[in-house]
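Below is one structure; the comments refer to it alone.
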Amino acid sequence: MNTQMQKMFAPIQELTALNVANIEKLVNLQLEGLKEGANASVESLKQAASIKDLEGAKSYIAGQTEAVKATVESATARAKVVAEIAQSYQAGVKKIVENTFTVS
């Protein structure tokens, strides 16, 4: 009886482990993005506070253009990672379901 229960709950445990692993990956990715955004904001404020003349303002604006470009590139890279996580999750669920319903 115990073996039957273990066999019945095994797919649920596998799905739960898969969910936890993917949630952890997504949360870490989100935290990475938040940290990056916060650091960029603080750096931008520091640079803005140091503007003393027109040349400094021009330099600040040029730097902001580059900072936005880097932020967009980073967000795009994170979006690709999210897509990879989703594909991996789908494959993992499919494998668990197939293993569960495969006649032994």
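Residue numbers start at 1 in each chain; chains themselves are named A, B, ... in the order of the structure tokens; ligands are numbered from 1 in the order shown.
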query = Could you name the residues that touch Lys95 (chain A) at 12 Å or less, counting only C-alpha atoms, but leaving out those on the same chain fewer than 6 positions away, as number ranges by chain?
reply = A: 11, 14-15, 18, 88-89, 101-102
key: Distance query Gln90 (chain A) at most 12 Å, only C-alpha atoms, self and fewer than 6 positions along chain excluded, as a PyMOL selection string   = chain A and resi 15+18-19+22+83-84+96-97
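For the pair CA of Ala48 (chain A) and CA of Gly33 (chain A), the separation is 22.3 Å.
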From A:Ala17, A:Ile61, A:Val68, A:Val27, residue lying nearest Ser41 (chain A) [only C-alpha atoms] =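 Closest residue, counting only C-alpha atoms: A:Val68.
Between CA of Lys46 (chain A) and CA of Leu34 (chain A) the interatomic distance comes to 18.3 Å.
Going from CA of Leu26 (chain A) to CA of Asn99 (chain A) covers 25.9 Å.
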request  = Write out as a ChimeraX atom specification each polymer residue whose atoms come within 12 Å of Leu29 (chain A), counting only C-alpha atoms; drop sequence neighbours fewer than 4 positions from it.
outcome  = /A:22-25,33-36,74-75,77-82,85
Keeping only all heavy atoms, take the residues you just selected and write them out as a short mmCIF file (atom, residue, chain, number, x, y, z; two decimals), in the first residue's frame.
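Output contents, as saved in result-v3.cif:
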```cif
data_model
loop_
_atom_site.label_atom_id
_atom_site.label_comp_id
_atom_site.auth_asym_id
_atom_site.auth_seq_id
_atom_site.Cartn_x
_atom_site.Cartn_y
_atom_site.Cartn_z
N ASN A 22 11.71 26.75 -10.65
CA ASN A 22 11.45 27.80 -11.63
C ASN A 22 11.07 29.11 -10.97
O ASN A 22 11.48 30.18 -11.43
CB ASN A 22 10.40 27.34 -12.63
CG ASN A 22 10.99 26.43 -13.67
OD1 ASN A 22 11.70 26.88 -14.55
ND2 ASN A 22 10.75 25.14 -13.56
N ILE A 23 10.30 29.05 -9.90
CA ILE A 23 9.97 30.28 -9.17
C ILE A 23 11.24 30.91 -8.63
O ILE A 23 11.43 32.13 -8.71
CB ILE A 23 8.95 29.98 -8.05
CG1 ILE A 23 7.58 29.68 -8.66
CG2 ILE A 23 8.86 31.15 -7.06
CD1 ILE A 23 6.57 29.11 -7.67
N GLU A 24 12.12 30.08 -8.10
CA GLU A 24 13.39 30.59 -7.57
C GLU A 24 14.21 31.28 -8.67
O GLU A 24 14.76 32.36 -8.46
CB GLU A 24 14.17 29.44 -6.95
CG GLU A 24 15.39 29.86 -6.18
CD GLU A 24 16.02 28.70 -5.45
OE1 GLU A 24 16.28 27.64 -6.08
OE2 GLU A 24 16.27 28.84 -4.25
N LYS A 25 14.28 30.66 -9.84
CA LYS A 25 15.01 31.26 -10.96
C LYS A 25 14.40 32.61 -11.35
O LYS A 25 15.12 33.58 -11.57
CB LYS A 25 14.99 30.33 -12.17
CG LYS A 25 15.83 29.10 -12.05
CD LYS A 25 15.66 28.21 -13.27
CE LYS A 25 16.30 26.87 -13.11
NZ LYS A 25 16.04 25.98 -14.27
N GLY A 33 17.30 42.29 -11.84
CA GLY A 33 16.83 43.45 -12.59
C GLY A 33 16.54 44.65 -11.70
O GLY A 33 16.88 45.79 -12.04
N LEU A 34 15.92 44.40 -10.55
CA LEU A 34 15.65 45.49 -9.61
C LEU A 34 16.93 46.12 -9.10
O LEU A 34 17.04 47.35 -9.00
CB LEU A 34 14.81 44.97 -8.44
CG LEU A 34 13.36 44.63 -8.75
CD1 LEU A 34 12.72 43.92 -7.58
CD2 LEU A 34 12.59 45.89 -9.10
N LYS A 35 17.90 45.28 -8.77
CA LYS A 35 19.18 45.78 -8.27
C LYS A 35 19.87 46.61 -9.35
O LYS A 35 20.40 47.69 -9.08
CB LYS A 35 20.07 44.62 -7.84
CG LYS A 35 21.39 45.05 -7.24
CD LYS A 35 22.20 43.87 -6.77
CE LYS A 35 23.53 44.32 -6.22
NZ LYS A 35 24.36 43.20 -5.78
N GLU A 36 19.85 46.10 -10.56
CA GLU A 36 20.47 46.83 -11.67
C GLU A 36 19.80 48.19 -11.87
O GLU A 36 20.47 49.20 -12.06
CB GLU A 36 20.37 46.00 -12.94
CG GLU A 36 21.05 46.61 -14.14
CD GLU A 36 20.94 45.72 -15.36
OE1 GLU A 36 21.41 44.58 -15.30
OE2 GLU A 36 20.35 46.18 -16.36
N SER A 74 20.01 44.81 -21.30
CA SER A 74 19.94 43.91 -20.15
C SER A 74 18.54 43.35 -19.97
O SER A 74 18.36 42.15 -19.71
CB SER A 74 20.38 44.67 -18.89
OG SER A 74 20.35 43.83 -17.78
N ALA A 75 17.53 44.19 -20.14
CA ALA A 75 16.14 43.74 -20.02
C ALA A 75 15.81 42.73 -21.12
O ALA A 75 15.11 41.74 -20.87
CB ALA A 75 15.18 44.93 -20.09
N ALA A 77 17.96 40.72 -22.54
CA ALA A 77 18.65 39.47 -22.18
C ALA A 77 17.87 38.72 -21.10
O ALA A 77 17.73 37.50 -21.17
CB ALA A 77 20.07 39.79 -21.69
N ARG A 78 17.34 39.45 -20.11
CA ARG A 78 16.54 38.80 -19.07
C ARG A 78 15.26 38.21 -19.66
O ARG A 78 14.83 37.13 -19.24
CB ARG A 78 16.23 39.77 -17.94
CG ARG A 78 17.36 39.90 -16.93
CD ARG A 78 16.93 40.60 -15.66
NE ARG A 78 16.39 41.93 -15.89
CZ ARG A 78 17.10 43.03 -16.10
NH1 ARG A 78 18.41 42.96 -16.12
NH2 ARG A 78 16.51 44.18 -16.29
N ALA A 79 14.66 38.89 -20.61
CA ALA A 79 13.44 38.37 -21.25
C ALA A 79 13.74 37.06 -21.97
O ALA A 79 12.92 36.12 -21.94
CB ALA A 79 12.87 39.39 -22.22
N LYS A 80 14.91 36.97 -22.59
CA LYS A 80 15.30 35.72 -23.24
C LYS A 80 15.47 34.60 -22.22
O LYS A 80 15.08 33.46 -22.47
CB LYS A 80 16.59 35.91 -24.04
CG LYS A 80 16.40 36.74 -25.30
CD LYS A 80 17.71 36.93 -26.05
CE LYS A 80 17.50 37.81 -27.27
NZ LYS A 80 18.75 38.08 -27.97
N VAL A 81 16.03 34.93 -21.08
CA VAL A 81 16.20 33.93 -20.03
C VAL A 81 14.83 33.45 -19.53
O VAL A 81 14.62 32.27 -19.29
CB VAL A 81 17.06 34.47 -18.86
CG1 VAL A 81 17.07 33.51 -17.68
CG2 VAL A 81 18.49 34.73 -19.32
N VAL A 82 13.89 34.38 -19.38
CA VAL A 82 12.53 34.01 -18.96
C VAL A 82 11.92 33.06 -19.98
O VAL A 82 11.31 32.05 -19.60
CB VAL A 82 11.65 35.26 -18.77
CG1 VAL A 82 10.18 34.87 -18.59
CG2 VAL A 82 12.12 36.07 -17.57
N ILE A 85 13.46 29.69 -19.48
CA ILE A 85 12.91 29.06 -18.29
C ILE A 85 11.53 28.48 -18.60
O ILE A 85 11.22 27.36 -18.19
CB ILE A 85 12.85 30.06 -17.11
CG1 ILE A 85 14.27 30.39 -16.63
CG2 ILE A 85 12.02 29.51 -15.96
CD1 ILE A 85 14.34 31.56 -15.65
#
```
task = May I have the residues within 10 Å of Gln64 (chain A) as a list in words, using only C-alpha atoms and disregarding those fewer than 3 positions away in the same chain?
result = Ala40, Ser44, Gln47, Ala48, Lys58, Ser59, Tyr60, Ile61, Ala67, Val68, Lys69 and Ala70 of chain A
